[in-house]
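Enquirer: Let me begin by handing over the structure; questions about it come next.
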Amino acid sequence: MKRTDRPHRNFYGRLKGKSLKSSQKKYLEEDLDALSPGAVTWDENPSREPLDLEALFDGKPVWLEIGFGGGEHLVHQATENPEVGIIGAEPYINGVAMLLGKIRRAGVKNLAVFPGDARDLMDVLPEASVDRAFLLYPDPWPKARHHRRRFVTPEHLGPLSRVLKPGAVFRVATDIEDYVRQALQEIPQQGFSWQAQRPDDWRVPWPDWISTRYEQKALREGRTPHYLTFVRT
């Protein structure tokens, strides 16, 4: 029997910030539909049929960025890796508009943009279909009573584990030490192996890393970035 009722999910965080510029409104009106990964919303796809990634990216390997912020890293990876297709999920519409402007300027063609909760996207990604995933400077939810809202909980990691292929890489970057602790505690329990063997493995950025505005803010405020690499076992 096909599922047609949407599960109840609390959403935490902002969906929209300050007023959009006229150029950003134009990007949303003109570009977003063409970059959508397909019928992801519940209204368009109530039975949650899996996305046809083969058709979406012409058979390319698929990467996923969860919460792309302003899109700097997403566009960088798409530019440097034209042989892969990358989906970015971000519910904050101001960030989506910023990304669309960067896509126009860079002229990249191997991106899909989902302007919503990554959990909805993972509902329709086929099992073992994603080759790499990124979680970069996620909302830290610093108060202890809010830690359950973090992405590194079973509610989020279980679906991510389902859609990643065996051997897929999962990168996590954060400047919050307690987030590191929770990530190292929770992620291995969902079928991942932490790859660090020496301190530089989490202190030094990945060779293809581009520093984002969130990292620059962390450095200005004296916080230390951590770069965690996991592999889906």
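The chains in the structure tokens are called A, B, ... from first to last as shown; in each chain the residues are counted from 1, and the ligands are counted from 1 in the order shown.
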Per DSSP on the backbone, what are the strand (DSSP E or B) residues of range 2-182 of chain A, as JSON, numbers by chain?

Expert: {"A": [62, 63, 64, 65, 66, 85, 86, 87, 88, 89, 111, 112, 113, 114, 130, 131, 132, 133, 134, 135, 136, 164, 165, 166, 167, 168, 169, 170, 171, 172, 173, 174]}

Enquirer: Keeping only C-alpha atoms, take the residues you just selected and write them out as a JSON list (two decimals), in the first residue's frame.

Expert:
```json
[["chain", "number", "residue", "atom", "x", "y", "z"],
["A", 62, "VAL", "CA", 25.52, 11.59, -7.03],
["A", 63, "TRP", "CA", 26.69, 13.77, -4.14],
["A", 64, "LEU", "CA", 24.49, 15.44, -1.54],
["A", 65, "GLU", "CA", 25.08, 18.61, 0.50],
["A", 66, "ILE", "CA", 22.80, 18.97, 3.51],
["A", 85, "GLY", "CA", 25.87, 15.40, -10.10],
["A", 86, "ILE", "CA", 25.29, 17.24, -6.83],
["A", 87, "ILE", "CA", 22.03, 17.90, -5.01],
["A", 88, "GLY", "CA", 21.92, 20.67, -2.43],
["A", 89, "ALA", "CA", 19.15, 20.82, 0.19],
["A", 111, "LEU", "CA", 23.59, 20.85, -9.78],
["A", 112, "ALA", "CA", 20.07, 20.27, -8.50],
["A", 113, "VAL", "CA", 18.57, 22.45, -5.77],
["A", 114, "PHE", "CA", 15.99, 21.34, -3.22],
["A", 130, "VAL", "CA", 24.46, 8.59, -3.08],
["A", 131, "ASP", "CA", 28.25, 8.44, -3.34],
["A", 132, "ARG", "CA", 29.19, 11.32, -1.03],
["A", 133, "ALA", "CA", 27.49, 13.60, 1.48],
["A", 134, "PHE", "CA", 28.48, 16.86, 3.16],
["A", 135, "LEU", "CA", 27.29, 18.39, 6.44],
["A", 136, "LEU", "CA", 29.20, 21.65, 6.76],
["A", 164, "LEU", "CA", 24.42, 6.33, 0.99],
["A", 165, "LYS", "CA", 26.18, 3.56, -0.91],
["A", 166, "PRO", "CA", 28.53, 1.22, 0.97],
["A", 167, "GLY", "CA", 31.91, 2.94, 0.87],
["A", 168, "ALA", "CA", 30.35, 6.40, 0.45],
["A", 169, "VAL", "CA", 32.15, 9.28, 2.17],
["A", 170, "PHE", "CA", 30.36, 11.52, 4.68],
["A", 171, "ARG", "CA", 32.16, 14.76, 5.55],
["A", 172, "VAL", "CA", 31.27, 16.85, 8.59],
["A", 173, "ALA", "CA", 32.79, 20.25, 9.35],
["A", 174, "THR", "CA", 32.02, 22.15, 12.55]]
```

Enquirer: Hey, could you make a per-residue contact list for range 54-161 of chain A against range 17-38 of chain A with 12 Å as the cut-off, showing the nearest pair of atoms and its distance in Å to one decimal, counting only C-alpha atoms, sorted by chain and number, as JSON lines?

Expert:
```
{"residue": "A:Glu54", "atom": "CA", "partner": "A:Pro37", "partner_atom": "CA", "distance": 11.5}
{"residue": "A:Ala55", "atom": "CA", "partner": "A:Pro37", "partner_atom": "CA", "distance": 10.1}
{"residue": "A:Leu56", "atom": "CA", "partner": "A:Pro37", "partner_atom": "CA", "distance": 6.9}
{"residue": "A:Phe57", "atom": "CA", "partner": "A:Pro37", "partner_atom": "CA", "distance": 9.5}
{"residue": "A:Val62", "atom": "CA", "partner": "A:Pro37", "partner_atom": "CA", "distance": 11.8}
{"residue": "A:Leu64", "atom": "CA", "partner": "A:Pro37", "partner_atom": "CA", "distance": 11.7}
{"residue": "A:Gly85", "atom": "CA", "partner": "A:Pro37", "partner_atom": "CA", "distance": 10.8}
{"residue": "A:Ile86", "atom": "CA", "partner": "A:Pro37", "partner_atom": "CA", "distance": 10.1}
{"residue": "A:Ile87", "atom": "CA", "partner": "A:Pro37", "partner_atom": "CA", "distance": 7.5}
{"residue": "A:Gly88", "atom": "CA", "partner": "A:Pro37", "partner_atom": "CA", "distance": 9.5}
{"residue": "A:Ala89", "atom": "CA", "partner": "A:Pro37", "partner_atom": "CA", "distance": 10.1}
{"residue": "A:Pro91", "atom": "CA", "partner": "A:Gly17", "partner_atom": "CA", "distance": 11.3}
{"residue": "A:Tyr92", "atom": "CA", "partner": "A:Gly17", "partner_atom": "CA", "distance": 7.8}
{"residue": "A:Ile93", "atom": "CA", "partner": "A:Gly17", "partner_atom": "CA", "distance": 7.9}
{"residue": "A:Asn94", "atom": "CA", "partner": "A:Gly17", "partner_atom": "CA", "distance": 6.4}
{"residue": "A:Gly95", "atom": "CA", "partner": "A:Gly17", "partner_atom": "CA", "distance": 9.2}
{"residue": "A:Val96", "atom": "CA", "partner": "A:Leu28", "partner_atom": "CA", "distance": 8.0}
{"residue": "A:Ala97", "atom": "CA", "partner": "A:Gln24", "partner_atom": "CA", "distance": 5.2}
{"residue": "A:Met98", "atom": "CA", "partner": "A:Gln24", "partner_atom": "CA", "distance": 6.9}
{"residue": "A:Leu99", "atom": "CA", "partner": "A:Tyr27", "partner_atom": "CA", "distance": 9.2}
{"residue": "A:Leu100", "atom": "CA", "partner": "A:Tyr27", "partner_atom": "CA", "distance": 6.0}
{"residue": "A:Gly101", "atom": "CA", "partner": "A:Tyr27", "partner_atom": "CA", "distance": 6.5}
{"residue": "A:Lys102", "atom": "CA", "partner": "A:Tyr27", "partner_atom": "CA", "distance": 10.1}
{"residue": "A:Ile103", "atom": "CA", "partner": "A:Asp31", "partner_atom": "CA", "distance": 9.5}
{"residue": "A:Arg104", "atom": "CA", "partner": "A:Tyr27", "partner_atom": "CA", "distance": 8.6}
{"residue": "A:Arg105", "atom": "CA", "partner": "A:Tyr27", "partner_atom": "CA", "distance": 11.5}
{"residue": "A:Val108", "atom": "CA", "partner": "A:Leu35", "partner_atom": "CA", "distance": 11.1}
{"residue": "A:Lys109", "atom": "CA", "partner": "A:Leu35", "partner_atom": "CA", "distance": 9.2}
{"residue": "A:Asn110", "atom": "CA", "partner": "A:Leu35", "partner_atom": "CA", "distance": 9.5}
{"residue": "A:Leu111", "atom": "CA", "partner": "A:Leu35", "partner_atom": "CA", "distance": 7.1}
{"residue": "A:Ala112", "atom": "CA", "partner": "A:Leu35", "partner_atom": "CA", "distance": 4.9}
{"residue": "A:Val113", "atom": "CA", "partner": "A:Ser36", "partner_atom": "CA", "distance": 5.3}
{"residue": "A:Phe114", "atom": "CA", "partner": "A:Ser36", "partner_atom": "CA", "distance": 5.9}
{"residue": "A:Pro115", "atom": "CA", "partner": "A:Ser36", "partner_atom": "CA", "distance": 8.3}
{"residue": "A:Gly116", "atom": "CA", "partner": "A:Ser36", "partner_atom": "CA", "distance": 10.8}
{"residue": "A:Leu121", "atom": "CA", "partner": "A:Pro37", "partner_atom": "CA", "distance": 9.1}
{"residue": "A:Met122", "atom": "CA", "partner": "A:Pro37", "partner_atom": "CA", "distance": 11.8}
{"residue": "A:Val124", "atom": "CA", "partner": "A:Gly38", "partner_atom": "CA", "distance": 10.0}
{"residue": "A:Leu125", "atom": "CA", "partner": "A:Pro37", "partner_atom": "CA", "distance": 10.2}
```

Enquirer: Could you please take those selected residues and save N, CA and C atoms as a short mmCIF file (atom, residue, chain, number, x, y, z; two decimals), in the first residue's frame?

Expert:
```cif
data_model
loop_
_atom_site.label_atom_id
_atom_site.label_comp_id
_atom_site.auth_asym_id
_atom_site.auth_seq_id
_atom_site.Cartn_x
_atom_site.Cartn_y
_atom_site.Cartn_z
N GLU A 54 19.17 8.53 -12.29
CA GLU A 54 19.79 8.21 -13.58
C GLU A 54 19.40 9.25 -14.62
N ALA A 55 18.13 9.60 -14.65
CA ALA A 55 17.65 10.59 -15.61
C ALA A 55 18.08 12.00 -15.21
N LEU A 56 18.10 12.27 -13.92
CA LEU A 56 18.43 13.62 -13.44
C LEU A 56 19.85 14.01 -13.80
N PHE A 57 20.79 13.08 -13.65
CA PHE A 57 22.20 13.41 -13.85
C PHE A 57 22.87 12.55 -14.93
N VAL A 62 26.33 10.55 -7.68
CA VAL A 62 25.52 11.59 -7.03
C VAL A 62 26.11 11.96 -5.68
N LEU A 64 25.55 14.73 -2.24
CA LEU A 64 24.49 15.44 -1.54
C LEU A 64 25.09 16.39 -0.52
N GLY A 85 27.05 14.56 -10.28
CA GLY A 85 25.87 15.40 -10.10
C GLY A 85 25.68 15.65 -8.61
N ILE A 86 25.38 16.88 -8.25
CA ILE A 86 25.29 17.24 -6.83
C ILE A 86 23.93 17.85 -6.54
N ILE A 87 23.29 17.34 -5.49
CA ILE A 87 22.03 17.90 -5.01
C ILE A 87 22.30 18.67 -3.72
N GLY A 88 21.83 19.88 -3.65
CA GLY A 88 21.92 20.67 -2.43
C GLY A 88 20.55 20.86 -1.82
N ALA A 89 20.42 20.63 -0.52
CA ALA A 89 19.15 20.82 0.19
C ALA A 89 19.32 21.94 1.20
N PRO A 91 16.53 24.73 3.42
CA PRO A 91 15.20 25.32 3.59
C PRO A 91 15.19 26.84 3.68
N TYR A 92 16.35 27.46 3.94
CA TYR A 92 16.43 28.91 4.13
C TYR A 92 16.41 29.58 2.76
N ILE A 93 15.32 30.22 2.42
CA ILE A 93 15.11 30.70 1.05
C ILE A 93 16.12 31.77 0.66
N ASN A 94 16.61 32.55 1.63
CA ASN A 94 17.63 33.55 1.30
C ASN A 94 18.91 32.87 0.83
N GLY A 95 19.26 31.76 1.46
CA GLY A 95 20.43 31.00 1.02
C GLY A 95 20.23 30.40 -0.35
N VAL A 96 19.01 29.92 -0.62
CA VAL A 96 18.70 29.38 -1.94
C VAL A 96 18.88 30.44 -3.01
N ALA A 97 18.37 31.65 -2.73
CA ALA A 97 18.51 32.74 -3.70
C ALA A 97 19.97 33.09 -3.92
N MET A 98 20.77 33.09 -2.86
CA MET A 98 22.20 33.37 -3.01
C MET A 98 22.87 32.32 -3.88
N LEU A 99 22.51 31.06 -3.65
CA LEU A 99 23.08 29.99 -4.45
C LEU A 99 22.74 30.14 -5.92
N LEU A 100 21.49 30.47 -6.23
CA LEU A 100 21.07 30.59 -7.62
C LEU A 100 21.88 31.67 -8.34
N GLY A 101 22.19 32.75 -7.66
CA GLY A 101 23.04 33.77 -8.26
C GLY A 101 24.44 33.25 -8.55
N LYS A 102 24.99 32.47 -7.62
CA LYS A 102 26.32 31.89 -7.82
C LYS A 102 26.31 30.89 -8.98
N ILE A 103 25.24 30.12 -9.11
CA ILE A 103 25.13 29.17 -10.21
C ILE A 103 25.12 29.90 -11.55
N ARG A 104 24.38 30.98 -11.62
CA ARG A 104 24.36 31.77 -12.86
C ARG A 104 25.75 32.26 -13.22
N ARG A 105 26.45 32.80 -12.24
CA ARG A 105 27.77 33.37 -12.52
C ARG A 105 28.79 32.29 -12.88
N VAL A 108 27.60 26.49 -13.92
CA VAL A 108 27.66 25.04 -13.71
C VAL A 108 26.33 24.40 -14.10
N LYS A 109 26.41 23.18 -14.62
CA LYS A 109 25.23 22.48 -15.12
C LYS A 109 24.93 21.18 -14.39
N ASN A 110 25.73 20.83 -13.40
CA ASN A 110 25.60 19.53 -12.74
C ASN A 110 25.06 19.65 -11.32
N LEU A 111 24.17 20.63 -11.10
CA LEU A 111 23.59 20.85 -9.78
C LEU A 111 22.07 20.73 -9.83
N ALA A 112 21.51 20.22 -8.74
CA ALA A 112 20.07 20.27 -8.50
C ALA A 112 19.86 20.90 -7.14
N VAL A 113 18.80 21.68 -6.99
CA VAL A 113 18.57 22.45 -5.77
C VAL A 113 17.21 22.08 -5.19
N PHE A 114 17.23 21.64 -3.93
CA PHE A 114 15.99 21.34 -3.22
C PHE A 114 15.79 22.37 -2.12
N PRO A 115 14.83 23.30 -2.26
CA PRO A 115 14.63 24.35 -1.26
C PRO A 115 13.73 23.89 -0.12
N GLY A 116 14.20 22.95 0.67
CA GLY A 116 13.38 22.42 1.74
C GLY A 116 14.18 21.57 2.69
N LEU A 121 13.76 15.27 1.26
CA LEU A 121 14.53 14.82 0.11
C LEU A 121 14.98 13.38 0.28
N MET A 122 15.44 13.04 1.48
CA MET A 122 15.94 11.68 1.71
C MET A 122 14.82 10.65 1.65
N VAL A 124 12.79 10.39 -0.70
CA VAL A 124 12.60 9.98 -2.09
C VAL A 124 13.91 9.67 -2.80
N LEU A 125 15.02 9.73 -2.10
CA LEU A 125 16.26 9.26 -2.69
C LEU A 125 16.29 7.73 -2.62
#
```

Enquirer: Leaving out Ile187 in chain A and any residue of its chain fewer than 5 positions from it, which residues lie within 8 Å of it when counting only C-alpha atoms, given as a VMD selection string?

Expert: chain A and resid 152 to 153 157 192

Enquirer: Could you please write out, as JSON, numbers by chain, every residue of range 43-151 of chain A that DSSP assigns to helix (DSSP H, G or I)?

Expert: {"A": [53, 54, 55, 56, 57, 72, 73, 74, 75, 76, 77, 78, 79, 80, 93, 94, 95, 96, 97, 98, 99, 100, 101, 102, 103, 104, 105, 106, 118, 119, 120, 121, 122, 123, 124, 144, 145, 146, 147, 148, 149]}

Enquirer: What are the closest atom pairs, with distances in Å to one decimal, for all residues of range 47-93 of chain A lying within 9 Å of range 196-220 of chain A? Consider only C-alpha atoms, order rows by chain and residue number, and present the result as a tab-separated table.

Expert:
```
residue	atom	partner	partner_atom	distance
A:Gly69	CA	A:Tyr214	CA	8.4
A:Gly70	CA	A:Arg213	CA	8.1
A:Gly71	CA	A:Thr212	CA	8.7
A:Glu72	CA	A:Thr212	CA	6.3
A:His73	CA	A:Ile210	CA	6.1
A:His76	CA	A:Ile210	CA	7.3
A:Gln77	CA	A:Asp208	CA	8.0
A:Glu80	CA	A:Asp208	CA	8.5
```

Enquirer: Taking C-alpha atoms for each residue, export the selection above as a PDB file, in the first residue's frame.

Expert:
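Saved as selection07.pdb:
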```
ATOM      1  CA  GLY A  69      24.132  27.941   3.444  1.00  0.00           C
ATOM      2  CA  GLY A  70      25.105  30.504   0.822  1.00  0.00           C
ATOM      3  CA  GLY A  71      26.215  27.839  -1.647  1.00  0.00           C
ATOM      4  CA  GLU A  72      29.955  28.610  -1.862  1.00  0.00           C
ATOM      5  CA  HIS A  73      31.045  25.031  -1.248  1.00  0.00           C
ATOM      6  CA  HIS A  76      32.961  24.990  -5.845  1.00  0.00           C
ATOM      7  CA  GLN A  77      32.485  21.225  -5.802  1.00  0.00           C
ATOM      8  CA  GLU A  80      35.754  21.115  -9.728  1.00  0.00           C
TER       9      GLU A  80
END
```

Enquirer: Can you measure CA of Pro61 in chain A to CA of Val84 in chain A for me? One decimal in Å is fine.

Expert: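 The value is 5.0 Å.
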
Enquirer: Grab the CA of Asp52 in chain A to CA of Gln190 in chain A distance for me, in Å with one decimal place.

Expert: 25.3 Å

Enquirer: Nearest residue to Pro140 in chain A out of A:Asp58, A:Glu186, A:Glu90, A:Glu177, using only C-alpha atoms?

Expert: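 Using only C-alpha atoms, Pro140 in chain A sits closest to A:Glu177.
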
Enquirer: Using Å and a single decimal, report how far CA of Tyr137 in chain A sits from CA of Phe230 in chain A.

Expert: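 Taking CA of Phe230 in chain A and CA of Tyr137 in chain A, their separation equals 15.8 Å.
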
Enquirer: Restricting the calculation to only C-alpha atoms, which member of A:Ser161, A:Thr79, A:Thr229, A:Ser129 is positioned closest to Leu184 in chain A?

Expert: A:Thr229
